[in-house]
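Novice: Below is a structure I'd like to ask you about.
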Amino acid sequence: QVQLVESGGGSVQAGGSLRLSCAASGYTIGFNCMGWFRQAPGKEREGVASEYKILVYPYPSVADYVDSVKVRFTVSRDSPKNTLYLQMNSLKPEDTAMYYCAAFSGGTCRANRTDARHWGQGTQVTVST
């Protein structure tokens, strides 16, 4: 059974930082496309970031971000730990949302891709002024 379990959410003041984690079990993130999404109350789910690793040494990562989080957010993975991360800096109140991680199969790896194969349950991020 595949599980993606997010953690690291919480409440912070504007300008603060959080690091989200997504631990995978029953699924090897390996080089596969992984993504982070968020959904604020009353709004549609939005792709935030995606990342995959190129299958050629030194296996660099390729990341994509929605414009609103570029420079502030960084997606990364620890393959031995089978975990995806999202480092969020300079947080703004408009970043307040439930954050989800997702795993994709094949295709183009972009932040706005929504046809994930597996989804996590989410972790809440609240940014106050």
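Each chain of the structure tokens is named A, B, ... in the order shown, its residues numbered from 1; ligands are numbered from 1 in display order.
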Within 6 Å of range 17-27 of chain A, counting only C-alpha atoms, which residues qualify if same-chain residues fewer than 3 places away don't, as a PyMOL selection string?

Specialist: chain A and resi 1-8+82-89

Novice: Report as a count of residues only: the residues of chain A with a DSSP assignment of strand (DSSP E), based on the backbone of this structure.

Specialist: 63

Novice: For Tyr99 in chain A, list every protein, DNA or RNA residue within 9 Å, evaluated using only C-alpha atoms, and leave out those in the same chain fewer than 4 positions away; present the list as a list in words.

Specialist: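 My reading of the contact set: Glu6, Gly9, Leu20, Trp36, Phe37, Arg38, Gln39, Ala40, Gln121, Gly122, Thr123, Gln124 and Val125 of chain A.
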
Novice: Dump all heavy atoms for the selected residues as a JSON list (two decimals), in the first residue's frame?

Specialist:
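File produced: result.json:
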[["chain", "number", "residue", "atom", "x", "y", "z"],
["A", 6, "GLU", "N", 2.78, 13.68, 4.83],
["A", 6, "GLU", "CA", 3.37, 15.00, 4.98],
["A", 6, "GLU", "C", 3.49, 15.37, 6.45],
["A", 6, "GLU", "O", 2.68, 14.94, 7.28],
["A", 6, "GLU", "CB", 2.53, 16.07, 4.28],
["A", 6, "GLU", "CG", 2.32, 15.88, 2.80],
["A", 6, "GLU", "CD", 1.05, 15.12, 2.47],
["A", 6, "GLU", "OE1", 0.54, 14.39, 3.35],
["A", 6, "GLU", "OE2", 0.53, 15.27, 1.35],
["A", 9, "GLY", "N", 4.14, 21.10, 8.85],
["A", 9, "GLY", "CA", 3.31, 22.28, 8.80],
["A", 9, "GLY", "C", 3.17, 22.93, 10.16],
["A", 9, "GLY", "O", 3.59, 22.37, 11.18],
["A", 20, "LEU", "N", 8.63, 21.46, 5.01],
["A", 20, "LEU", "CA", 7.70, 20.35, 4.92],
["A", 20, "LEU", "C", 8.44, 19.09, 4.47],
["A", 20, "LEU", "O", 9.37, 19.17, 3.68],
["A", 20, "LEU", "CB", 6.57, 20.66, 3.94],
["A", 20, "LEU", "CG", 5.79, 21.95, 4.17],
["A", 20, "LEU", "CD1", 4.66, 22.05, 3.17],
["A", 20, "LEU", "CD2", 5.28, 22.05, 5.59],
["A", 36, "TRP", "N", 4.60, 19.22, -5.04],
["A", 36, "TRP", "CA", 3.91, 19.81, -3.89],
["A", 36, "TRP", "C", 2.76, 20.67, -4.41],
["A", 36, "TRP", "O", 2.94, 21.43, -5.38],
["A", 36, "TRP", "CB", 4.86, 20.69, -3.07],
["A", 36, "TRP", "CG", 5.83, 19.92, -2.23],
["A", 36, "TRP", "CD1", 7.14, 19.64, -2.50],
["A", 36, "TRP", "CD2", 5.57, 19.33, -0.95],
["A", 36, "TRP", "NE1", 7.70, 18.90, -1.49],
["A", 36, "TRP", "CE2", 6.75, 18.71, -0.51],
["A", 36, "TRP", "CE3", 4.45, 19.26, -0.11],
["A", 36, "TRP", "CZ2", 6.86, 18.04, 0.71],
["A", 36, "TRP", "CZ3", 4.55, 18.60, 1.09],
["A", 36, "TRP", "CH2", 5.74, 18.00, 1.50],
["A", 37, "PHE", "N", 1.62, 20.54, -3.77],
["A", 37, "PHE", "CA", 0.44, 21.30, -4.10],
["A", 37, "PHE", "C", -0.08, 21.97, -2.85],
["A", 37, "PHE", "O", 0.28, 21.59, -1.73],
["A", 37, "PHE", "CB", -0.64, 20.37, -4.68],
["A", 37, "PHE", "CG", -0.29, 19.79, -6.01],
["A", 37, "PHE", "CD1", 0.60, 18.73, -6.10],
["A", 37, "PHE", "CD2", -0.83, 20.30, -7.17],
["A", 37, "PHE", "CE1", 0.95, 18.19, -7.33],
["A", 37, "PHE", "CE2", -0.50, 19.77, -8.41],
["A", 37, "PHE", "CZ", 0.39, 18.72, -8.49],
["A", 38, "ARG", "N", -0.95, 22.94, -3.03],
["A", 38, "ARG", "CA", -1.60, 23.57, -1.89],
["A", 38, "ARG", "C", -3.02, 23.94, -2.26],
["A", 38, "ARG", "O", -3.34, 24.16, -3.42],
["A", 38, "ARG", "CB", -0.83, 24.79, -1.40],
["A", 38, "ARG", "CG", -0.78, 25.96, -2.39],
["A", 38, "ARG", "CD", 0.15, 27.04, -1.86],
["A", 38, "ARG", "NE", 0.24, 28.17, -2.77],
["A", 38, "ARG", "CZ", 1.07, 29.19, -2.60],
["A", 38, "ARG", "NH1", 1.90, 29.23, -1.55],
["A", 38, "ARG", "NH2", 1.10, 30.19, -3.47],
["A", 39, "GLN", "N", -3.86, 24.00, -1.24],
["A", 39, "GLN", "CA", -5.24, 24.40, -1.44],
["A", 39, "GLN", "C", -5.68, 25.25, -0.27],
["A", 39, "GLN", "O", -5.68, 24.80, 0.88],
["A", 39, "GLN", "CB", -6.16, 23.19, -1.59],
["A", 39, "GLN", "CG", -7.57, 23.57, -1.98],
["A", 39, "GLN", "CD", -8.39, 22.38, -2.44],
["A", 39, "GLN", "OE1", -8.07, 21.23, -2.16],
["A", 39, "GLN", "NE2", -9.45, 22.65, -3.18],
["A", 40, "ALA", "N", -6.03, 26.48, -0.58],
["A", 40, "ALA", "CA", -6.53, 27.41, 0.43],
["A", 40, "ALA", "C", -8.05, 27.30, 0.48],
["A", 40, "ALA", "O", -8.69, 26.90, -0.51],
["A", 40, "ALA", "CB", -6.10, 28.82, 0.10],
["A", 121, "GLN", "N", -2.07, 13.14, 2.52],
["A", 121, "GLN", "CA", -3.26, 13.64, 3.20],
["A", 121, "GLN", "C", -3.15, 15.13, 3.52],
["A", 121, "GLN", "O", -4.16, 15.75, 3.86],
["A", 121, "GLN", "CB", -3.48, 12.85, 4.50],
["A", 121, "GLN", "CG", -3.84, 11.39, 4.25],
["A", 121, "GLN", "CD", -5.12, 11.25, 3.46],
["A", 121, "GLN", "OE1", -6.16, 11.81, 3.80],
["A", 121, "GLN", "NE2", -5.07, 10.51, 2.36],
["A", 122, "GLY", "N", -1.97, 15.67, 3.45],
["A", 122, "GLY", "CA", -1.81, 17.10, 3.63],
["A", 122, "GLY", "C", -1.31, 17.51, 4.99],
["A", 122, "GLY", "O", -1.48, 16.79, 5.99],
["A", 123, "THR", "N", -0.69, 18.69, 5.05],
["A", 123, "THR", "CA", -0.27, 19.31, 6.30],
["A", 123, "THR", "C", -0.59, 20.80, 6.20],
["A", 123, "THR", "O", -0.36, 21.42, 5.16],
["A", 123, "THR", "CB", 1.24, 19.06, 6.56],
["A", 123, "THR", "OG1", 1.60, 19.59, 7.84],
["A", 123, "THR", "CG2", 2.12, 19.70, 5.49],
["A", 124, "GLN", "N", -1.14, 21.35, 7.28],
["A", 124, "GLN", "CA", -1.63, 22.72, 7.25],
["A", 124, "GLN", "C", -0.50, 23.72, 7.51],
["A", 124, "GLN", "O", 0.29, 23.55, 8.45],
["A", 124, "GLN", "CB", -2.73, 22.91, 8.30],
["A", 124, "GLN", "CG", -3.28, 24.32, 8.39],
["A", 124, "GLN", "CD", -4.05, 24.74, 7.15],
["A", 124, "GLN", "OE1", -4.77, 23.94, 6.55],
["A", 124, "GLN", "NE2", -3.90, 25.99, 6.76],
["A", 125, "VAL", "N", -0.47, 24.75, 6.69],
["A", 125, "VAL", "CA", 0.46, 25.86, 6.88],
["A", 125, "VAL", "C", -0.36, 27.14, 7.05],
["A", 125, "VAL", "O", -1.20, 27.44, 6.20],
["A", 125, "VAL", "CB", 1.43, 26.00, 5.68],
["A", 125, "VAL", "CG1", 2.24, 27.29, 5.80],
["A", 125, "VAL", "CG2", 2.34, 24.80, 5.59]]

Novice: What is the distance between CA of Ser105 in chain A and CA of Phe31 in chain A, in Å to one decimal?

Specialist: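 Taking CA of Ser105 in chain A and CA of Phe31 in chain A, their separation equals 10.6 Å.
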
Novice: Identify, on the basis of only C-alpha atoms, every residue whose closest approach to Lys92 in chain A does not exceed 7 Å; exclude the query and any residue fewer than 3 positions from it along the same chain; express the result as a list in words.

Specialist: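 Residues meeting the cut-off are Ala14, Gly15, Asp95 and Val127 of chain A.
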
Novice: Would you mind exporting the chosen residues as a tab-separated table (two decimals), in the first residue's frame, restricted to all heavy atoms?

Specialist:
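File result-v5.tsv, as written:
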chain	number	residue	atom	x	y	z
A	14	ALA	N	4.49	36.09	9.24
A	14	ALA	CA	4.99	36.48	7.92
A	14	ALA	C	6.50	36.73	7.99
A	14	ALA	O	6.98	37.32	8.96
A	14	ALA	CB	4.27	37.72	7.43
A	15	GLY	N	7.19	36.25	6.98
A	15	GLY	CA	8.65	36.37	6.95
A	15	GLY	C	9.35	35.15	7.51
A	15	GLY	O	10.57	35.01	7.34
A	95	ASP	N	0.36	32.43	1.51
A	95	ASP	CA	0.85	31.05	1.43
A	95	ASP	C	0.04	30.11	2.34
A	95	ASP	O	0.25	28.89	2.31
A	95	ASP	CB	2.32	30.97	1.84
A	95	ASP	CG	3.25	31.70	0.89
A	95	ASP	OD1	3.04	31.59	-0.34
A	95	ASP	OD2	4.17	32.38	1.38
A	127	VAL	N	0.07	31.26	7.90
A	127	VAL	CA	0.99	32.38	8.02
A	127	VAL	C	0.21	33.61	8.46
A	127	VAL	O	-0.72	34.03	7.78
A	127	VAL	CB	1.72	32.65	6.70
A	127	VAL	CG1	2.77	33.75	6.89
A	127	VAL	CG2	2.37	31.38	6.16

Novice: Which is closest to Gly106 in chain A among A:Phe73, A:Tyr52, A:Tyr59, A:Tyr65, if we use only C-alpha atoms?

Specialist: A:Tyr52

Novice: Record the distance separating CA of Gly35 in chain A and CA of Arg110 in chain A, expressed in Å with one decimal.

Specialist: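 One can read the CA of Gly35 in chain A to CA of Arg110 in chain A distance as 8.2 Å.
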
Novice: Using only C-alpha atoms, which protein or nucleic acid residues come within 12 Å of Leu55 in chain A? Drop anything in the same chain fewer than 3 positions from it, and give the result as a ChimeraX atom specification.

Specialist: /A:30-33,52,58-62

Novice: Using only C-alpha atoms, which of A:Asp78, A:Thr126, A:Pro41, A:Asp64 sits nearest Pro93 in chain A?

Specialist: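 Using only C-alpha atoms, Pro93 in chain A sits closest to A:Thr126.
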
Novice: In Å, rounded to a single decimal, give me how far CA of Ala102 in chain A is from CA of Trp119 in chain A.

Specialist: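 Pair CA of Trp119 in chain A / CA of Ala102 in chain A returns 4.5 Å.
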